[in-house]
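Have a look at the structure below before the remarks.
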Amino acid sequence: MMATAPVRFLSGSLFHRDLKARVQAYFDDAGRELHGGWAIRRKTAILVAWLAASYALALFAPVGPLLAALLTISIGLAMAGIGFGVMHDANHGSYAKGPRLNSAMGFSMDLLGASSHVWRHKHNILHHTYTNIAGFDTDIEASTMLRLAPSQQWLPFHRFQHLYIWILYAVFPLKWWFLDDTRELASGKIGAHRFAAPRGWALFSAVGGKVAFVTWAFVVPLVLHPTWKLVPLWLLGVATLGVVTSVVFQLAHCVGRAGFPEAGAGGEMQAGWAEHQVATTVDFARGSRVLAWYLGGLNFQIEHHLFPRICHVHYPAVSAIVEETCADHGIAYSAEPTLWNALAGNLGWLREMGRGPGRAAVEIFRAAA
């Protein structure tokens, strides 16, 4: 099992108890279930049909270069959509009431190239517990090529990170599929953090998922089409998937309005866990039903971090409860009005971090504690 990290949040949070009671009352009053029900199953069918249709047309229809490129972009967008709206909930256990269906839908991640076994440790445990804490949240420990937190080392080339980050985004899926997963599955370590290496069925699923993905994404196209035609399309598809997924996961945490707290000498944090999640996370474009549908509620990241076992289809309603409760307890609740505001905030943060620790005017920790 993963070793317990030496970080301790303040206990006895009145805010957290009140918030949980209010949200539970919302579900109890109307007899609602925490999982997604038919809403998320209908979405799953649409997203899978989108991917299957794009793939079949690109592979088997007599299409020209332009249409082939558009279909490849469509494949990348559909893969991202399945990751946002199906895989993410399933691996948090919020897709369905039963663990078997959650496990089956969570395996969609393996079929899309990445290990769900590693993801559950890296994302569910490290990122969700230690959000924006350097050294613990592996989402902000992406690479020495990037400086995403004030406490991280600054290197001269970071001043250009807001420009070259797009190249890193574009190749990120290849690194994730074939380097990160392989190293982490083999070593049983995510960065400096150990986790239970897969055995038995878990190991078979991890390897089988990789084989299935490589087969449909690379082997089958190679059998049907010449390599010289496929290489630029593969690169386009990978870049589409990489840019879309990377940007979306950056917008909630790597922005100037998000806090980047540091633990004290003994590992003590200055706030409770729930207050920490609100302080380190920013929602965006909460009024866009289209974005909320496609992103699987990832524009409601505050709600997701506080209630990861609630399906994203409920987040628009839950967000009103969270915002009201934050106001009642004097806790700042941050939300950007549009996607473009969130993008601008992320690019501004990358530029700020690229200027170096001596010049960056950074608010290290903002929490109403």
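Chain identifiers are assigned as A, B, and so on, following the order in which chains appear in the structure tokens; residues are numbered from 1 within each chain, and ligands are numbered from 1 in order of appearance.
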
Leaving out A:Leu230 and any residue of its chain fewer than 4 positions from it, which residues lie within 12 Å of it when counting only C-alpha atoms, given as a short mmCIF file (atom, residue, chain, number, x, y, z; two decimals) with C-alpha atoms, in the first residue's frame?
```
data_model
loop_
_atom_site.label_atom_id
_atom_site.label_comp_id
_atom_site.auth_asym_id
_atom_site.auth_seq_id
_atom_site.Cartn_x
_atom_site.Cartn_y
_atom_site.Cartn_z
CA ALA A 58 -11.59 7.29 -41.02
CA LEU A 59 -10.54 3.66 -41.42
CA PRO A 65 -6.76 14.09 -46.78
CA ALA A 68 -9.28 12.23 -42.85
CA ALA A 69 -7.72 15.01 -40.78
CA THR A 72 -8.84 12.23 -36.75
CA ALA A 217 -5.22 2.55 -32.49
CA PHE A 218 -2.08 1.43 -34.32
CA VAL A 219 -2.08 -2.17 -35.61
CA VAL A 220 -5.44 -2.18 -37.40
CA PRO A 221 -4.79 1.12 -39.21
CA LEU A 222 -1.34 -0.17 -40.26
CA VAL A 223 -2.93 -3.25 -41.79
CA LEU A 224 -5.35 -1.15 -43.85
CA HIS A 225 -3.33 1.95 -44.78
CA PRO A 226 0.27 2.85 -45.68
CA TRP A 234 -1.53 9.80 -35.58
CA LEU A 235 0.37 12.92 -34.57
CA LEU A 236 -2.73 15.05 -35.18
CA GLY A 237 -4.94 12.75 -33.14
#
```

Residues near A:Phe307, anyone? I mean within 10 Å using only C-alpha atoms, not counting same-chain ones fewer than 3 positions away, as a PyMOL selection string.
chain A and resi 20+23+34+92+94+274+301-304+310-312+315+318

Please give the complete set of residues from stretch 242-307 of chain A that DSSP, run on the backbone, assigns to helix (DSSP H, G or I), formatted as a ChimeraX atom specification.
/A:242-250,273-279,289-294,301-306

Export of the given selection (C-alpha atoms) as a PDB file, in the first residue's frame:
```pdb
ATOM      1  CA  GLY A 242      -3.225  15.888 -25.426  1.00  0.00           C
ATOM      2  CA  VAL A 243      -4.004  19.585 -25.766  1.00  0.00           C
ATOM      3  CA  VAL A 244      -7.684  19.243 -24.839  1.00  0.00           C
ATOM      4  CA  THR A 245      -7.159  17.006 -21.791  1.00  0.00           C
ATOM      5  CA  SER A 246      -4.111  18.865 -20.488  1.00  0.00           C
ATOM      6  CA  VAL A 247      -5.709  22.290 -20.768  1.00  0.00           C
ATOM      7  CA  VAL A 248      -8.909  21.213 -19.040  1.00  0.00           C
ATOM      8  CA  PHE A 249      -7.099  19.709 -16.056  1.00  0.00           C
ATOM      9  CA  GLN A 250      -4.890  22.821 -15.746  1.00  0.00           C
ATOM     10  CA  TRP A 273      -9.154  19.416   4.171  1.00  0.00           C
ATOM     11  CA  ALA A 274     -12.412  20.872   2.819  1.00  0.00           C
ATOM     12  CA  GLU A 275     -11.222  24.458   3.192  1.00  0.00           C
ATOM     13  CA  HIS A 276      -8.006  23.433   1.442  1.00  0.00           C
ATOM     14  CA  GLN A 277      -9.927  22.041  -1.533  1.00  0.00           C
ATOM     15  CA  VAL A 278     -11.900  25.274  -1.950  1.00  0.00           C
ATOM     16  CA  ALA A 279      -8.757  27.408  -1.622  1.00  0.00           C
ATOM     17  CA  ARG A 289     -24.464  23.536 -20.317  1.00  0.00           C
ATOM     18  CA  VAL A 290     -22.507  22.451 -23.407  1.00  0.00           C
ATOM     19  CA  LEU A 291     -19.161  22.632 -21.623  1.00  0.00           C
ATOM     20  CA  ALA A 292     -20.544  20.958 -18.509  1.00  0.00           C
ATOM     21  CA  TRP A 293     -21.824  18.085 -20.668  1.00  0.00           C
ATOM     22  CA  TYR A 294     -18.651  17.592 -22.705  1.00  0.00           C
ATOM     23  CA  GLN A 301     -13.892  21.246  -9.924  1.00  0.00           C
ATOM     24  CA  ILE A 302     -14.578  22.658  -6.453  1.00  0.00           C
ATOM     25  CA  GLU A 303     -17.668  20.479  -6.199  1.00  0.00           C
ATOM     26  CA  HIS A 304     -15.819  17.496  -7.639  1.00  0.00           C
ATOM     27  CA  HIS A 305     -12.968  17.802  -5.147  1.00  0.00           C
ATOM     28  CA  LEU A 306     -15.326  18.111  -2.223  1.00  0.00           C
TER      29      LEU A 306
END
```

Contact check, stretch 4-86 of chain A to stretch 325-344 of chain A, at most 8 Å, counting only C-alpha atoms, closest pairs as a Markdown table:
```
| residue | atom | partner | partner_atom | distance |
| --- | --- | --- | --- | --- |
| A:Phe15 | CA | A:His329 | CA | 6.4 |
| A:Asp18 | CA | A:Thr325 | CA | 7.7 |
| A:Leu19 | CA | A:Thr325 | CA | 6.3 |
```

Since we have the selection now, will you write its residues out, keeping C-alpha atoms, as a PDB file, in the first residue's frame?
```pdb
ATOM      1  CA  PHE A  15     -17.641  24.161   7.410  1.00  0.00           C
ATOM      2  CA  ASP A  18     -22.310  21.826   7.536  1.00  0.00           C
ATOM      3  CA  LEU A  19     -21.590  21.428   3.835  1.00  0.00           C
TER       4      LEU A  19
END
```

Between A:Gly287, A:Gly259, A:Gly76, A:Pro198, which is the closest to A:Pro173 once you count only C-alpha atoms?
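Among the listed residues, A:Gly76 lies closest to A:Pro173.
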
Which of stretch 4-189 of chain A DSSP labels strand (DSSP E or B), written as a PyMOL selection string
chain A and resi 8-10+189

Close residues, stretch 37-42 of chain A itself excluded, 9 Å, only C-alpha atoms, min 3 positions apart in chain, as a ChimeraX atom specification
/A:33-34,45-47,85-86,95-97,311-313

Kindly indicate which residue among A:Met79, A:Val214, A:Ala258, A:Ala239 lies nearest to A:Ile167, using only C-alpha atoms for the distances.
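Once distances to A:Ile167 are computed over only C-alpha atoms, the minimum belongs to A:Ala239.
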
Write out as an MDAnalysis selection string each polymer residue whose atoms come within 12 Å of stretch 147-156 of chain A, counting only C-alpha atoms; drop sequence neighbours fewer than 5 positions from it.
chainID A and resid 131:142 161:162 165 250:251 253:256 258:263 280 346:365

Just-selected residues, C-alpha atoms written as an mmCIF file, in the first residue's frame:
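Below is the file that was written, part34.cif:
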```cif
data_model
loop_
_atom_site.group_PDB
_atom_site.id
_atom_site.type_symbol
_atom_site.label_atom_id
_atom_site.label_comp_id
_atom_site.auth_asym_id
_atom_site.auth_seq_id
_atom_site.Cartn_x
_atom_site.Cartn_y
_atom_site.Cartn_z
ATOM 1 C CA THR A 131 -4.211 19.290 -4.116
ATOM 2 C CA ASN A 132 -1.576 21.851 -5.174
ATOM 3 C CA ILE A 133 0.898 20.785 -2.472
ATOM 4 C CA ALA A 134 4.280 20.545 -4.195
ATOM 5 C CA GLY A 135 5.960 17.191 -3.641
ATOM 6 C CA PHE A 136 2.664 15.378 -3.086
ATOM 7 C CA ASP A 137 0.245 16.389 -5.848
ATOM 8 C CA THR A 138 1.762 14.710 -8.900
ATOM 9 C CA ASP A 139 -0.442 16.783 -11.219
ATOM 10 C CA ILE A 140 1.778 19.801 -10.560
ATOM 11 C CA GLU A 141 4.972 17.717 -10.646
ATOM 12 C CA ALA A 142 4.630 17.249 -14.387
ATOM 13 C CA GLN A 161 7.008 27.822 -20.686
ATOM 14 C CA HIS A 162 3.775 29.552 -21.673
ATOM 15 C CA ILE A 165 3.876 24.120 -23.125
ATOM 16 C CA GLN A 250 -4.890 22.821 -15.746
ATOM 17 C CA LEU A 251 -7.712 25.353 -15.646
ATOM 18 C CA HIS A 253 -5.667 24.510 -10.278
ATOM 19 C CA CYS A 254 -2.828 26.189 -12.188
ATOM 20 C CA VAL A 255 -4.241 29.698 -12.123
ATOM 21 C CA GLY A 256 -3.545 32.799 -10.080
ATOM 22 C CA ALA A 258 -5.832 29.059 -6.769
ATOM 23 C CA GLY A 259 -3.750 28.680 -3.625
ATOM 24 C CA PHE A 260 -0.491 26.713 -3.426
ATOM 25 C CA PRO A 261 -0.123 26.019 0.309
ATOM 26 C CA GLU A 262 2.923 24.544 1.973
ATOM 27 C CA ALA A 263 2.946 22.309 5.036
ATOM 28 C CA THR A 280 -6.768 25.441 -4.207
ATOM 29 C CA ASN A 346 -3.837 29.697 -16.750
ATOM 30 C CA LEU A 347 -1.562 31.402 -19.283
ATOM 31 C CA GLY A 348 -1.049 34.298 -16.894
ATOM 32 C CA TRP A 349 -0.025 31.891 -14.159
ATOM 33 C CA LEU A 350 2.439 30.107 -16.459
ATOM 34 C CA ARG A 351 4.013 33.449 -17.353
ATOM 35 C CA GLU A 352 4.118 34.472 -13.678
ATOM 36 C CA MET A 353 5.829 31.233 -12.657
ATOM 37 C CA GLY A 354 8.235 31.590 -15.593
ATOM 38 C CA ARG A 355 9.492 34.961 -14.370
ATOM 39 C CA GLY A 356 11.242 33.401 -11.427
ATOM 40 C CA PRO A 357 10.765 33.426 -7.652
ATOM 41 C CA GLY A 358 12.375 36.846 -7.229
ATOM 42 C CA ARG A 359 9.960 38.614 -9.564
ATOM 43 C CA ALA A 360 6.717 36.672 -9.234
ATOM 44 C CA ALA A 361 4.194 38.341 -6.982
ATOM 45 C CA VAL A 362 2.530 35.210 -5.682
ATOM 46 C CA GLU A 363 0.014 34.665 -2.979
ATOM 47 C CA ILE A 364 1.252 31.434 -1.420
ATOM 48 C CA PHE A 365 -1.848 30.505 0.471
#
```

What separation in Å, quoted to one decimal, exists between atom CA of A:Val7 and atom CA of A:Ile125?
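These atoms are spaced 13.0 Å apart.
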
Name the residues in contact with A:Tyr55 at a cut-off of 9 Å, using only C-alpha atoms, excluding same-chain residues fewer than 5 positions from it; report them as a VMD selection string.
chain A and resid 50 60 71 to 72 74 to 75

For A:Thr44, which residue out of A:Arg17, A:Arg32, A:Arg8, A:His88 is the nearest one, using only C-alpha atoms?
A:His88

Work out how far atom CA of A:Ala80 is from atom CA of A:Ser115, in Å to one decimal.
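Here the two named atoms are 15.0 Å from each other.
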
Which residue is closest to A:Tyr169? Choose from A:Leu10, A:Ser187, A:Leu77, A:Thr240 and count only C-alpha atoms.
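Distance minimum relative to A:Tyr169 lands on A:Thr240.
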
Fewer than 4 positions away in the same chain doesn't count, so skip those; otherwise give me all residues within 9 Å of A:Ala186, counting only C-alpha atoms, as a list in words.
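So, after excluding close chain neighbours, the residues are Asp181, Thr182 and Ala197 of chain A.
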
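Using only C-alpha atoms, the shortest contact distance between A:Gly345 and any of A:Phe160, A:Tyr130, A:Phe300, A:Phe284 is found at A:Phe284.
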